[in-house]
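Working notes for the structure below.
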Amino acid sequence: KSDNMFKGKKEKKEKKDKKDKKEGASPLPDRSPILRVLVIDSDSRNWHEVFQDFKTASGSRVSIEKAEWKNLIVSCDANSKPIVNIKPNARPIPNTTDNQNRTIQPDFVLVRQLVQGLLPEEDHTNALYGLLISGVPAVNSLESIHSGLERPVVYRQLANIMKKVGKEKFPLIPLSYYSHQSAMMFTPDPPFVLKIGSAEAGYGKMKFDTTENLVDFRGCLALHKDYVTIEQYVGKREYDIRVQKIGNHFRAYKRTSANWKGNVGSSILEEIPMTETFQFWIDQTSQLFGGMDIMTVDAIHCTDGTDVILEINDTASGFAPTNEKEDMGFVRDLVLERLEALYPTPHHT
């Protein structure tokens, strides 16, 4: 009788399993621990999709909240995770929380957007300070992002590299600095390029062929409080070079453009092989400010075969459209690696 009873229960269970399978019963919910990652980037990039279904090596899921700097309000102290209030994104990704007001305490931050824009209202340094004080880990490190905000600070570090290894190995462009327009009594011989403050993407810079033109322009500079830097114009430019680093992945590009501002107007971008020279540049510069995981080096290749290094860009460096999807995957892998190092055992939030 006992055997028949167990047999009956078994048959009922098998019938129930077949019925559930036939009716498409929902799978059990994933109850593995969650790590919350704040991604700071423009609305156009879908980081939810990039991280979907990925876990750390120890089994923690990754929950993404994406926002632009302008939508963040941060409060914190030095002994706990920051409290980040997020306003709805202007262009939310469908089927995500992008269209909602959210409050999170991130375990990690991925920064892929410039902290400072062109206008005063586009300066989001206060939000960066809040994340810095909290000590929340990030890629790139928040300390390196803060150090990279101003051109003179970065240039001094690049000059230190050139001083250490020599100009032949690290051919950095000469730069002159002026705290105010009234300090511009003596300038390099033209032609040269004048840059106002730390503006990016071709903004805030002009080419001067004569000192007379500069005298006229100084009247405009007097209306602003920004500092000014001057670099010699590279007239024998053949093409621009960009060397890119994402963790242990490297790329090199050459860009050909008719405009002396290579990133303005139409241009042709082509991926080229990494060389020992490019690798040396990126290895030296990526050690600055405590180390940078995501960065680029911009340079000019001249018609006489020489190169001139212009600048470096940090965590918000743009990716080439043809490789953007793959590069975003490399960034995801880098974040997962960092999370595993920080939280090697399942982390409950």
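We label chains A, B, ... in the order they appear in the structure tokens, count residues from 1 in each chain, and number ligands from 1 in the order shown.
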- All alpha helix (DSSP H) positions in stretch 6-220 of chain A, as an MDAnalysis selection string: chainID A and resid 6:23 47:51 125:134 142:147 151:165 211:220
Show which residues sit within 8 Å of stretch 147-160 of chain A, as an mmCIF file with N, CA, C and O atoms, in the first residue's frame. Count only C-alpha atoms, and ignore same-chain residues fewer than 3 positions away.
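Output (part.cif):
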data_model
loop_
_atom_site.group_PDB
_atom_site.id
_atom_site.type_symbol
_atom_site.label_atom_id
_atom_site.label_comp_id
_atom_site.auth_asym_id
_atom_site.auth_seq_id
_atom_site.Cartn_x
_atom_site.Cartn_y
_atom_site.Cartn_z
ATOM 1 N N VAL A 115 32.733 65.907 -17.546
ATOM 2 C CA VAL A 115 32.181 66.561 -16.355
ATOM 3 C C VAL A 115 31.826 68.011 -16.659
ATOM 4 O O VAL A 115 30.842 68.544 -16.138
ATOM 5 N N GLN A 116 32.618 68.647 -17.500
ATOM 6 C CA GLN A 116 32.425 70.057 -17.815
ATOM 7 C C GLN A 116 32.118 70.245 -19.296
ATOM 8 O O GLN A 116 32.784 69.663 -20.148
ATOM 9 N N GLU A 143 39.460 60.294 -8.799
ATOM 10 C CA GLU A 143 40.613 61.172 -8.570
ATOM 11 C C GLU A 143 41.283 61.548 -9.896
ATOM 12 O O GLU A 143 41.661 62.699 -10.114
ATOM 13 N N SER A 144 41.413 60.565 -10.798
ATOM 14 C CA SER A 144 42.048 60.856 -12.089
ATOM 15 C C SER A 144 41.157 61.753 -12.939
ATOM 16 O O SER A 144 41.655 62.619 -13.668
ATOM 17 N N LYS A 163 60.400 65.072 -19.988
ATOM 18 C CA LYS A 163 61.642 65.363 -19.279
ATOM 19 C C LYS A 163 62.348 64.077 -18.856
ATOM 20 O O LYS A 163 63.578 63.981 -18.883
ATOM 21 N N LYS A 164 61.544 63.059 -18.501
ATOM 22 C CA LYS A 164 62.104 61.793 -18.020
ATOM 23 C C LYS A 164 62.651 60.932 -19.153
ATOM 24 O O LYS A 164 63.748 60.360 -19.048
ATOM 25 N N LEU A 172 56.307 65.971 -27.200
ATOM 26 C CA LEU A 172 55.178 66.800 -26.763
ATOM 27 C C LEU A 172 55.267 68.200 -27.359
ATOM 28 O O LEU A 172 56.337 68.810 -27.384
ATOM 29 N N TYR A 177 51.530 79.481 -21.316
ATOM 30 C CA TYR A 177 50.330 79.679 -20.492
ATOM 31 C C TYR A 177 50.231 81.145 -20.059
ATOM 32 O O TYR A 177 51.234 81.769 -19.711
ATOM 33 N N GLY A 197 40.808 78.336 -21.932
ATOM 34 C CA GLY A 197 40.394 77.382 -20.911
ATOM 35 C C GLY A 197 40.635 75.952 -21.348
ATOM 36 O O GLY A 197 41.596 75.639 -22.051
ATOM 37 N N SER A 198 39.717 75.054 -20.944
ATOM 38 C CA SER A 198 39.857 73.631 -21.264
ATOM 39 C C SER A 198 38.741 73.135 -22.169
ATOM 40 O O SER A 198 38.283 71.999 -22.060
ATOM 41 N N THR A 285 51.516 57.421 -20.481
ATOM 42 C CA THR A 285 50.462 58.357 -20.063
ATOM 43 C C THR A 285 49.378 57.704 -19.217
ATOM 44 O O THR A 285 48.780 58.358 -18.361
ATOM 45 N N LEU A 288 49.485 58.090 -15.361
ATOM 46 C CA LEU A 288 49.280 59.381 -14.703
ATOM 47 C C LEU A 288 48.059 59.347 -13.783
ATOM 48 O O LEU A 288 47.122 58.582 -14.002
ATOM 49 N N PHE A 289 48.074 60.206 -12.774
ATOM 50 C CA PHE A 289 46.950 60.401 -11.854
ATOM 51 C C PHE A 289 46.494 59.100 -11.191
ATOM 52 O O PHE A 289 45.303 58.858 -11.008
ATOM 53 N N GLU A 311 47.830 66.023 -26.855
ATOM 54 C CA GLU A 311 47.115 65.954 -25.583
ATOM 55 C C GLU A 311 46.691 64.524 -25.299
ATOM 56 O O GLU A 311 46.835 63.636 -26.156
ATOM 57 N N ILE A 312 46.139 64.325 -24.106
ATOM 58 C CA ILE A 312 45.498 63.058 -23.773
ATOM 59 C C ILE A 312 44.046 63.348 -23.374
ATOM 60 O O ILE A 312 43.706 64.461 -22.977
ATOM 61 N N ASP A 314 40.703 61.457 -21.205
ATOM 62 C CA ASP A 314 40.545 60.380 -20.231
ATOM 63 C C ASP A 314 39.263 59.583 -20.449
ATOM 64 O O ASP A 314 38.901 59.256 -21.575
#
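Of the residues in stretch 299-345 of chain A, those given strand (DSSP E) by DSSP on the backbone are Ala299, Ile300, His301, Cys302, Asp307, Val308, Ile309, Leu310, Glu311, Ile312 and Asn313 of chain A.
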Within 10 Å of A:Asp307 using only C-alpha atoms, minus same-chain residues under 5 positions, as a CSV table (one decimal) with all heavy atoms, in the first residue's frame:
chain,number,residue,atom,x,y,z
A,168,GLU,N,62.6,62.9,-28.0
A,168,GLU,CA,62.7,62.0,-29.2
A,168,GLU,C,61.6,60.9,-29.0
A,168,GLU,O,60.9,60.4,-29.9
A,168,GLU,CB,64.1,61.4,-29.4
A,168,GLU,CG,64.2,60.5,-30.6
A,168,GLU,CD,65.6,60.0,-30.8
A,168,GLU,OE1,66.5,60.6,-30.3
A,168,GLU,OE2,65.8,59.0,-31.5
A,169,LYS,N,61.5,60.4,-27.7
A,169,LYS,CA,60.6,59.3,-27.4
A,169,LYS,C,59.2,59.8,-27.1
A,169,LYS,O,58.2,59.1,-27.3
A,169,LYS,CB,61.1,58.4,-26.2
A,169,LYS,CG,62.3,57.6,-26.5
A,169,LYS,CD,62.6,56.7,-25.3
A,169,LYS,CE,63.7,55.7,-25.6
A,169,LYS,NZ,64.0,54.8,-24.5
A,170,PHE,N,59.1,61.0,-26.6
A,170,PHE,CA,57.8,61.6,-26.3
A,170,PHE,C,57.8,63.0,-26.8
A,170,PHE,O,58.0,64.0,-26.0
A,170,PHE,CB,57.6,61.5,-24.7
A,170,PHE,CG,56.2,61.7,-24.3
A,170,PHE,CD1,55.3,60.6,-24.3
A,170,PHE,CD2,55.7,62.9,-23.8
A,170,PHE,CE1,54.0,60.7,-23.9
A,170,PHE,CE2,54.4,63.0,-23.4
A,170,PHE,CZ,53.6,61.9,-23.4
A,171,PRO,N,57.5,63.2,-28.1
A,171,PRO,CA,57.6,64.6,-28.7
A,171,PRO,C,56.4,65.4,-28.4
A,171,PRO,O,55.5,65.7,-29.3
A,171,PRO,CB,57.7,64.2,-30.2
A,171,PRO,CG,56.9,62.9,-30.3
A,171,PRO,CD,57.1,62.2,-29.0
A,172,LEU,N,56.3,66.0,-27.2
A,172,LEU,CA,55.2,66.8,-26.8
A,172,LEU,C,55.3,68.2,-27.4
A,172,LEU,O,56.3,68.8,-27.4
A,172,LEU,CB,55.2,66.9,-25.2
A,172,LEU,CG,54.1,67.7,-24.6
A,172,LEU,CD1,52.7,67.1,-24.8
A,172,LEU,CD2,54.3,67.8,-23.1
A,173,ILE,N,54.2,68.7,-27.8
A,173,ILE,CA,54.1,70.1,-28.4
A,173,ILE,C,54.4,71.1,-27.3
A,173,ILE,O,53.9,71.0,-26.2
A,173,ILE,CB,52.7,70.3,-29.1
A,173,ILE,CG1,52.8,71.6,-29.9
A,173,ILE,CG2,51.6,70.4,-28.0
A,173,ILE,CD1,51.6,71.7,-30.9
A,237,ARG,N,51.4,69.1,-41.1
A,237,ARG,CA,50.6,68.0,-40.7
A,237,ARG,C,50.1,67.2,-41.9
A,237,ARG,O,49.6,67.7,-42.9
A,237,ARG,CB,49.3,68.6,-40.0
A,237,ARG,CG,48.2,67.6,-39.8
A,237,ARG,CD,47.1,68.4,-39.0
A,237,ARG,NE,45.8,67.7,-39.1
A,237,ARG,CZ,44.8,68.0,-39.9
A,237,ARG,NH1,45.0,68.9,-40.8
A,237,ARG,NH2,43.7,67.3,-39.9
A,238,GLU,N,50.3,65.9,-41.8
A,238,GLU,CA,49.8,64.9,-42.9
A,238,GLU,C,48.5,64.3,-42.4
A,238,GLU,O,47.5,64.2,-43.2
A,238,GLU,CB,50.8,63.9,-43.1
A,238,GLU,CG,50.4,62.9,-44.3
A,238,GLU,CD,51.5,61.9,-44.6
A,238,GLU,OE1,52.6,62.0,-44.0
A,238,GLU,OE2,51.2,61.0,-45.4
A,239,TYR,N,48.4,63.8,-41.2
A,239,TYR,CA,47.2,63.3,-40.6
A,239,TYR,C,47.3,63.2,-39.1
A,239,TYR,O,48.3,63.4,-38.5
A,239,TYR,CB,46.9,61.9,-41.2
A,239,TYR,CG,48.0,60.8,-41.0
A,239,TYR,CD1,48.1,60.1,-39.8
A,239,TYR,CD2,48.9,60.5,-42.0
A,239,TYR,CE1,49.1,59.2,-39.6
A,239,TYR,CE2,49.9,59.6,-41.9
A,239,TYR,CZ,50.0,58.9,-40.6
A,239,TYR,OH,51.0,58.0,-40.5
A,240,ASP,N,46.1,63.1,-38.5
A,240,ASP,CA,46.0,63.0,-37.0
A,240,ASP,C,46.1,61.6,-36.6
A,240,ASP,O,45.7,60.6,-37.3
A,240,ASP,CB,44.7,63.6,-36.5
A,240,ASP,CG,44.5,65.1,-36.9
A,240,ASP,OD1,45.6,65.8,-36.9
A,240,ASP,OD2,43.4,65.5,-37.1
A,241,ILE,N,46.6,61.4,-35.4
A,241,ILE,CA,46.7,60.0,-34.8
A,241,ILE,C,46.0,60.0,-33.5
A,241,ILE,O,46.0,61.0,-32.7
A,241,ILE,CB,48.2,59.7,-34.5
A,241,ILE,CG1,49.1,59.6,-35.8
A,241,ILE,CG2,48.3,58.3,-33.8
A,241,ILE,CD1,50.5,59.6,-35.5
A,299,ALA,N,47.8,62.9,-31.4
A,299,ALA,CA,49.0,63.4,-32.0
A,299,ALA,C,48.8,63.8,-33.4
A,299,ALA,O,47.8,63.5,-34.0
A,299,ALA,CB,50.1,62.3,-31.8
A,300,ILE,N,49.9,64.4,-34.0
A,300,ILE,CA,49.9,64.7,-35.4
A,300,ILE,C,51.1,64.0,-36.1
A,300,ILE,O,52.2,64.1,-35.5
A,300,ILE,CB,50.0,66.2,-35.6
A,300,ILE,CG1,48.7,66.9,-35.1
A,300,ILE,CG2,50.3,66.6,-37.1
A,300,ILE,CD1,48.8,68.5,-35.2
A,301,HIS,N,50.8,63.4,-37.2
A,301,HIS,CA,51.9,62.8,-38.0
A,301,HIS,C,52.3,63.8,-39.1
A,301,HIS,O,51.4,64.3,-39.8
A,301,HIS,CB,51.6,61.5,-38.6
A,301,HIS,CG,52.7,60.9,-39.4
A,301,HIS,ND1,53.8,60.3,-38.8
A,301,HIS,CD2,52.9,60.8,-40.8
A,301,HIS,CE1,54.6,59.9,-39.8
A,301,HIS,NE2,54.1,60.1,-40.9
A,302,CYS,N,53.5,64.2,-39.2
A,302,CYS,CA,53.9,65.2,-40.2
A,302,CYS,C,54.5,64.6,-41.5
A,302,CYS,O,54.9,63.5,-41.5
A,302,CYS,CB,55.0,66.1,-39.5
A,302,CYS,SG,54.4,66.9,-38.0
- Which distance in Å separates atom CA of A:Thr97 and atom CA of A:Asn71, to one decimal? 13.6 Å
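Summary of the local environment: counting only C-alpha atoms, residues at most 8 Å from A:Leu142, other than itself and those fewer than 4 positions away along its chain, are A:Leu128, A:Leu131, A:Leu132, A:Pro137, A:Ala138, A:His146.
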Would you export the selected residues with N, CA, C and O atoms as a PDB file, in the first residue's frame, please?
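That gives us again-v2.pdb:
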ATOM      1  N   LEU A 128      30.602  65.523  -9.138  1.00  0.00           N
ATOM      2  CA  LEU A 128      31.841  64.744  -9.059  1.00  0.00           C
ATOM      3  C   LEU A 128      32.415  64.793  -7.653  1.00  0.00           C
ATOM      4  O   LEU A 128      32.868  63.771  -7.118  1.00  0.00           O
ATOM      5  N   LEU A 131      30.639  62.311  -5.346  1.00  0.00           N
ATOM      6  CA  LEU A 131      31.078  60.931  -5.551  1.00  0.00           C
ATOM      7  C   LEU A 131      32.483  60.718  -5.008  1.00  0.00           C
ATOM      8  O   LEU A 131      32.795  59.668  -4.433  1.00  0.00           O
ATOM      9  N   LEU A 132      33.340  61.732  -5.172  1.00  0.00           N
ATOM     10  CA  LEU A 132      34.714  61.645  -4.662  1.00  0.00           C
ATOM     11  C   LEU A 132      34.744  61.476  -3.151  1.00  0.00           C
ATOM     12  O   LEU A 132      35.469  60.627  -2.612  1.00  0.00           O
ATOM     13  N   PRO A 137      34.096  53.368  -5.717  1.00  0.00           N
ATOM     14  CA  PRO A 137      35.059  53.038  -6.775  1.00  0.00           C
ATOM     15  C   PRO A 137      34.477  53.329  -8.159  1.00  0.00           C
ATOM     16  O   PRO A 137      33.263  53.292  -8.361  1.00  0.00           O
ATOM     17  N   ALA A 138      35.361  53.601  -9.113  1.00  0.00           N
ATOM     18  CA  ALA A 138      34.893  54.011 -10.441  1.00  0.00           C
ATOM     19  C   ALA A 138      35.937  53.699 -11.504  1.00  0.00           C
ATOM     20  O   ALA A 138      37.108  53.465 -11.215  1.00  0.00           O
ATOM     21  N   HIS A 146      39.078  64.028 -11.810  1.00  0.00           N
ATOM     22  CA  HIS A 146      39.201  65.379 -11.256  1.00  0.00           C
ATOM     23  C   HIS A 146      40.520  66.024 -11.686  1.00  0.00           C
ATOM     24  O   HIS A 146      40.564  67.200 -12.066  1.00  0.00           O
TER      25      HIS A 146
END
- Kindly indicate which residue among A:Glu340, A:Asp304, A:Asp226, A:Asp189 lies nearest to A:Glu212, using only C-alpha atoms for the distances.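 Ranked by minimum distance to A:Glu212, first place goes to A:Asp189.
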- A:Ser42 surroundings by only C-alpha atoms, 10 Å radius, close-in-sequence under 3 positions cut, as a ChimeraX atom specification: /A:39,45-46,66-69,89-91,112-114
